[in-house]
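**Q** Okay, so here is target26.tsv, and as you'll see once you scroll down, it has TSV, C-alpha atoms.
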```
chain	number	residue	atom	x	y	z
A	422	PRO	CA	4.93	-10.06	-5.23
A	423	ASP	CA	5.55	-11.27	-8.79
A	424	SER	CA	2.12	-12.90	-8.87
A	425	VAL	CA	0.52	-9.47	-8.56
A	426	LEU	CA	2.83	-7.64	-10.95
A	427	SER	CA	2.20	-10.23	-13.66
A	428	ARG	CA	-1.55	-9.54	-13.73
A	429	PRO	CA	-2.94	-8.12	-17.01
A	430	HIS	CA	-2.98	-4.49	-15.82
A	431	VAL	CA	-1.28	-3.21	-12.67
A	432	VAL	CA	-0.78	0.35	-11.38
A	433	VAL	CA	1.84	0.90	-8.67
A	434	LEU	CA	1.55	4.19	-6.78
A	435	GLU	CA	4.19	5.44	-4.34
A	436	VAL	CA	3.62	8.53	-2.21
A	437	GLY	CA	4.71	9.66	1.24
A	438	ARG	CA	2.59	7.76	3.77
A	439	ASP	CA	1.85	10.78	5.96
A	440	GLU	CA	1.10	12.96	2.94
A	441	PHE	CA	-1.21	10.35	1.45
A	442	ALA	CA	-2.99	9.82	4.77
A	443	GLU	CA	-3.57	13.59	4.95
A	444	ILE	CA	-5.45	13.84	1.65
A	445	TYR	CA	-7.18	10.47	2.11
A	446	SER	CA	-8.58	11.50	5.50
A	447	ASN	CA	-9.77	14.86	4.10
A	448	PRO	CA	-11.58	13.73	0.94
A	449	GLY	CA	-13.80	16.80	0.73
A	450	ARG	CA	-10.83	19.12	0.25
A	451	ARG	CA	-10.14	20.26	-3.31
A	452	GLY	CA	-7.55	22.13	-5.32
A	453	ARG	CA	-3.80	21.99	-5.66
A	454	ARG	CA	-3.31	22.61	-1.96
A	455	TRP	CA	-4.68	19.08	-1.46
A	456	GLU	CA	-2.47	17.49	-4.09
A	457	ARG	CA	0.58	15.45	-3.15
A	458	VAL	CA	3.53	14.42	-5.32
A	459	GLY	CA	4.32	10.76	-5.84
A	460	HIS	CA	5.43	8.28	-8.49
A	461	VAL	CA	3.28	6.01	-10.64
A	462	ALA	CA	4.12	2.96	-12.74
A	463	PHE	CA	1.86	1.10	-15.18
A	464	LEU	CA	2.50	-2.56	-16.02
A	465	THR	CA	0.86	-4.82	-18.60
A	466	ASN	CA	1.34	-8.57	-18.26
A	467	GLY	CA	4.34	-8.01	-16.02
A	468	GLN	CA	6.05	-5.52	-18.35
A	469	LEU	CA	6.63	-1.90	-17.35
A	470	THR	CA	4.93	0.29	-19.97
A	471	PHE	CA	5.08	3.73	-18.31
A	472	GLU	CA	6.36	5.45	-15.17
A	473	SER	CA	6.55	9.08	-14.11
A	474	PRO	CA	6.39	11.52	-11.21
A	475	VAL	CA	2.76	12.48	-10.66
A	476	GLY	CA	0.49	14.80	-8.68
A	477	ILE	CA	-2.19	12.92	-6.71
A	478	ARG	CA	-5.58	14.17	-5.47
A	479	VAL	CA	-8.79	12.57	-4.24
A	480	HIS	CA	-11.29	12.63	-7.12
A	481	GLY	CA	-15.07	12.63	-7.45
A	482	GLY	CA	-18.28	14.05	-6.05
A	483	SER	CA	-20.18	12.16	-3.37
A	484	SER	CA	-17.96	9.13	-4.06
A	485	ARG	CA	-15.15	10.98	-2.27
A	486	PHE	CA	-16.73	9.86	0.99
A	487	LEU	CA	-16.94	6.16	0.13
A	488	PRO	CA	-14.30	3.85	1.60
A	489	ALA	CA	-12.61	3.13	-1.75
A	490	LYS	CA	-11.70	6.64	-2.86
A	491	SER	CA	-10.97	7.54	-6.46
A	492	LEU	CA	-7.74	9.34	-7.26
A	493	ARG	CA	-6.83	11.77	-10.00
A	494	LEU	CA	-3.31	11.78	-11.41
A	495	PHE	CA	-1.74	14.96	-12.83
A	496	PHE	CA	1.17	14.69	-15.27
A	497	ARG	CA	2.63	18.21	-15.10
A	498	SER	CA	5.93	19.26	-16.63
A	499	SER	CA	6.62	21.26	-13.43
A	500	LEU	CA	6.79	17.89	-11.60
A	501	GLY	CA	9.13	16.44	-14.20
A	502	ALA	CA	6.22	14.31	-15.43
A	503	THR	CA	5.67	13.00	-18.94
A	504	PRO	CA	2.07	12.78	-20.22
A	505	PRO	CA	1.42	9.13	-21.13
A	506	ARG	CA	-0.19	7.83	-24.28
A	507	SER	CA	-3.26	5.61	-24.20
A	508	ARG	CA	-1.47	2.35	-24.96
A	509	GLU	CA	1.15	3.03	-22.28
A	510	VAL	CA	-1.54	2.96	-19.56
A	511	GLY	CA	-3.62	0.12	-20.99
A	512	LEU	CA	-6.32	2.23	-22.66
A	513	ALA	CA	-7.64	2.02	-26.20
A	514	GLY	CA	-6.91	4.88	-28.58
A	515	ASP	CA	-3.96	7.16	-29.19
A	516	ALA	CA	-4.55	10.10	-26.86
A	517	ARG	CA	-1.98	11.77	-24.64
A	518	TYR	CA	-3.11	12.57	-21.11
A	519	GLU	CA	-2.40	15.46	-18.79
A	520	THR	CA	-4.66	13.76	-16.22
A	521	LEU	CA	-6.04	10.28	-15.54
A	522	VAL	CA	-8.46	8.90	-12.97
A	523	LEU	CA	-8.08	5.77	-10.85
A	524	HIS	CA	-11.69	4.93	-9.95
A	525	GLY	CA	-12.44	3.06	-6.75
A	526	ASP	CA	-15.78	2.39	-8.46
A	527	VAL	CA	-17.44	0.48	-5.62
A	528	ARG	CA	-21.03	1.54	-4.94
A	529	PRO	CA	-23.10	0.22	-2.02
A	530	ASP	CA	-26.83	-0.13	-2.58
A	531	THR	CA	-29.50	0.32	0.07
A	532	GLY	CA	-29.23	-3.34	1.00
A	533	GLY	CA	-25.55	-3.06	1.83
A	534	LEU	CA	-24.31	-5.01	-1.20
A	535	GLN	CA	-21.32	-3.66	-3.09
A	536	PHE	CA	-21.38	-3.25	-6.87
A	537	ARG	CA	-18.19	-2.85	-8.88
A	538	PHE	CA	-17.50	-1.50	-12.36
A	539	ILE	CA	-20.55	0.77	-12.39
A	540	ASN	CA	-18.76	3.42	-14.47
A	541	PRO	CA	-17.38	1.08	-17.18
A	542	ILE	CA	-20.74	-0.66	-17.53
A	543	SER	CA	-22.55	2.69	-17.82
A	544	TYR	CA	-19.98	3.94	-20.34
A	545	THR	CA	-20.40	0.79	-22.46
A	546	ILE	CA	-24.17	1.32	-22.59
A	547	ALA	CA	-23.70	5.00	-23.46
A	548	ARG	CA	-21.23	4.18	-26.25
A	549	ARG	CA	-23.77	1.80	-27.77
A	550	LEU	CA	-26.14	4.78	-27.83
A	551	GLY	CA	-23.54	6.85	-29.71
A	552	VAL	CA	-22.13	8.88	-26.80
A	553	ARG	CA	-18.40	9.64	-26.55
A	554	THR	CA	-17.37	8.28	-23.16
A	555	ALA	CA	-14.15	7.77	-21.25
A	556	ALA	CA	-11.96	4.80	-22.16
A	557	THR	CA	-11.47	2.48	-19.16
A	558	VAL	CA	-9.57	-0.63	-18.12
A	559	PRO	CA	-9.80	-2.66	-14.86
A	560	VAL	CA	-6.52	-2.68	-12.94
A	561	SER	CA	-4.95	-3.96	-9.74
A	562	LEU	CA	-3.84	-0.88	-7.80
A	563	VAL	CA	-0.95	-1.20	-5.34
A	564	ILE	CA	-0.39	1.82	-3.07
A	565	ASN	CA	2.87	1.97	-1.11
A	566	GLY	CA	3.34	-1.79	-1.28
A	567	ALA	CA	-0.04	-2.62	0.29
A	568	ALA	CA	-2.33	-5.42	-0.88
A	569	PRO	CA	-3.67	-4.87	-4.42
A	570	GLN	CA	-7.11	-3.34	-4.81
A	571	THR	CA	-9.49	-3.62	-7.76
A	572	TYR	CA	-9.69	-0.21	-9.46
A	573	VAL	CA	-10.42	1.17	-12.93
A	574	THR	CA	-8.06	3.38	-14.91
A	575	SER	CA	-10.19	5.94	-16.74
A	576	GLU	CA	-9.69	8.86	-19.08
A	577	HIS	CA	-10.49	12.19	-17.47
A	578	LEU	CA	-12.65	13.87	-20.10
A	579	SER	CA	-11.34	17.38	-19.71
A	580	PRO	CA	-12.38	20.07	-22.21
A	581	SER	CA	-8.90	20.00	-23.79
A	582	LEU	CA	-9.03	16.22	-24.29
A	583	LEU	CA	-12.52	16.37	-25.80
A	584	LYS	CA	-11.51	19.16	-28.18
A	585	ARG	CA	-8.56	17.10	-29.42
A	586	ALA	CA	-10.60	13.89	-29.65
A	587	LEU	CA	-13.49	15.53	-31.53
A	588	GLY	CA	-11.31	17.85	-33.60
A	589	SER	CA	-13.35	20.91	-32.67
A	590	ASP	CA	-12.94	24.01	-30.53
A	591	SER	CA	-16.70	24.68	-30.64
A	592	LEU	CA	-17.82	22.68	-27.63
A	593	ARG	CA	-20.46	23.57	-25.08
A	594	ILE	CA	-19.35	22.29	-21.68
A	595	TYR	CA	-21.95	21.57	-19.00
A	596	ASP	CA	-20.99	21.48	-15.33
A	597	LEU	CA	-23.42	19.12	-13.58
A	598	GLY	CA	-22.52	20.77	-10.29
A	599	ASP	CA	-24.03	24.00	-11.59
A	600	LYS	CA	-27.81	24.30	-11.15
A	601	ILE	CA	-28.25	26.51	-14.23
A	602	HIS	CA	-26.31	24.02	-16.38
A	603	ARG	CA	-28.39	21.12	-15.07
A	604	GLU	CA	-31.59	22.96	-15.94
A	605	GLY	CA	-30.19	23.74	-19.39
A	606	LEU	CA	-29.66	20.04	-20.07
A	607	ARG	CA	-33.39	19.49	-19.68
A	608	THR	CA	-34.07	21.49	-22.83
A	609	GLU	CA	-30.76	21.50	-24.76
A	610	GLY	CA	-28.54	18.83	-26.27
A	611	PRO	CA	-29.34	15.13	-26.79
A	612	LEU	CA	-31.10	14.36	-23.50
A	613	PRO	CA	-34.52	15.81	-24.41
A	614	GLU	CA	-34.44	13.82	-27.67
A	615	LEU	CA	-33.56	10.61	-25.80
A	616	ARG	CA	-36.40	11.20	-23.32
A	617	GLN	CA	-38.83	11.75	-26.17
A	618	ARG	CA	-37.71	8.56	-27.95
A	619	PHE	CA	-37.61	6.23	-24.94
A	620	GLY	CA	-39.99	7.82	-22.43
A	621	PRO	CA	-39.47	7.97	-18.65
A	622	MET	CA	-36.69	5.68	-17.39
A	623	SER	CA	-38.12	5.03	-13.93
A	624	GLY	CA	-38.72	1.33	-13.37
A	625	TRP	CA	-36.46	0.18	-16.22
A	626	THR	CA	-35.12	-3.36	-15.98
A	627	MET	CA	-31.80	-4.58	-17.41
A	628	GLU	CA	-33.86	-6.31	-20.13
A	629	ARG	CA	-35.31	-2.93	-21.12
A	630	VAL	CA	-31.81	-1.40	-21.17
A	631	GLY	CA	-30.65	-4.25	-23.45
A	632	GLU	CA	-33.54	-3.66	-25.83
A	633	VAL	CA	-32.74	0.05	-26.12
A	634	VAL	CA	-29.01	-0.49	-26.53
A	635	ASP	CA	-29.50	-3.17	-29.19
```
Can the structure in the file be given as structure tokens, please?
**A**
Amino acid sequence: PDSVLSRPHVVVLEVGRDEFAEIYSNPGRRGRRWERVGHVAFLTNGQLTFESPVGIRVHGGSSRFLPAKSLRLFFRSSLGATPPRSREVGLAGDARYETLVLHGDVRPDTGGLQFRFINPISYTIARRLGVRTAATVPVSLVINGAAPQTYVTSEHLSPSLLKRALGSDSLRIYDLGDKIHREGLRTEGPLPELRQRFGPMSGWTMERVGEVVD
């Protein structure tokens, strides 16, 4: 309805219902075999700002198995897609994207409560600490005409995007799914320095986080 489309940021995703159900019900599957072709449109305050054919996959690690699944969008020329610019999809900056993420971004805690916007909040804290993080914007996501869901459009910080953003080809990329890389982060890069400055983070309150960020 018009009341939904006139919201500040809306993403409308159309994909074959059977094809979408197939990838949605097999969230642990990865790779292009588990990508389906659809169409995406981005609207800001009721105005169409971008639309394109798009490849769609389930995105994430353990979050793949949560009810609100994140989706990754691929803007490939082989699909007839056009890579959007930041402002066309509601994000700050002037990047051009081969991929974007639509984050379900709902996390249940041990008490059964649901917390939203965990990623954007974490990114905001990290940016205050001087870390380059993904640009994000909350959106209403409409899939195949269903009721709108609260999602977050997010940059996908691929190596190619980071190289362009930082103006350098000399980047060391860590894969947190790789045990050797995880161990390396304990002794390399900024994390050891942050641990030395702020000490162990177990038991931190939001007040302590605010003190460190400020």
**Q** Please identify all polymer residues within 6 Å of His480 of chain A, counting all atoms listed in the file, omitting same-chain residues fewer than 4 positions from it, and present them as a ChimeraX atom specification.
**A** /A:491-493
**Q** Taking all atoms listed in the file into account, which of A:Thr520, A:Ser581, A:Ser507, A:Ser561 comes nearest Phe471 of chain A?
**A**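 Among the listed residues, A:Ser507 lies closest to Phe471 of chain A.
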**Q** What lies within 8 Å of segment 521-527 of chain A using only C-alpha atoms, ignoring chain neighbours under 2 positions off, as a PyMOL selection string?
**A** chain A and resi 480+489-495+518-519+529+535-540+571-577
**Q** I'd like to know which of A:Asn447, A:Ser424, A:Thr465, A:Ser498 is closest to Val558 of chain A, using all atoms listed in the file.
**A**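 Among the listed residues, the smallest separation from Val558 of chain A belongs to A:Thr465.
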**Q** Given 5 Å of margin on each side, can you work out the centre and size in Å (one decimal) of an axis-aligned box holding every listed atom of segment 438-441 of chain A, as AutoDock Vina command-line options?
**A**
```
--center_x 0.7 --center_y 10.4 --center_z 3.7 --size_x 13.8 --size_y 15.2 --size_z 14.5
```
**Q** What is the atom CA of Leu606 of chain A-atom CA of Ile546 of chain A distance in Å, reported with one decimal?
**A**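 Interatomic distance, atom CA of Leu606 of chain A to atom CA of Ile546 of chain A: 19.7 Å.
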**Q** So how far away is atom CA of Val475 of chain A from atom CA of Glu440 of chain A, in Å?
**A** 13.7 Å
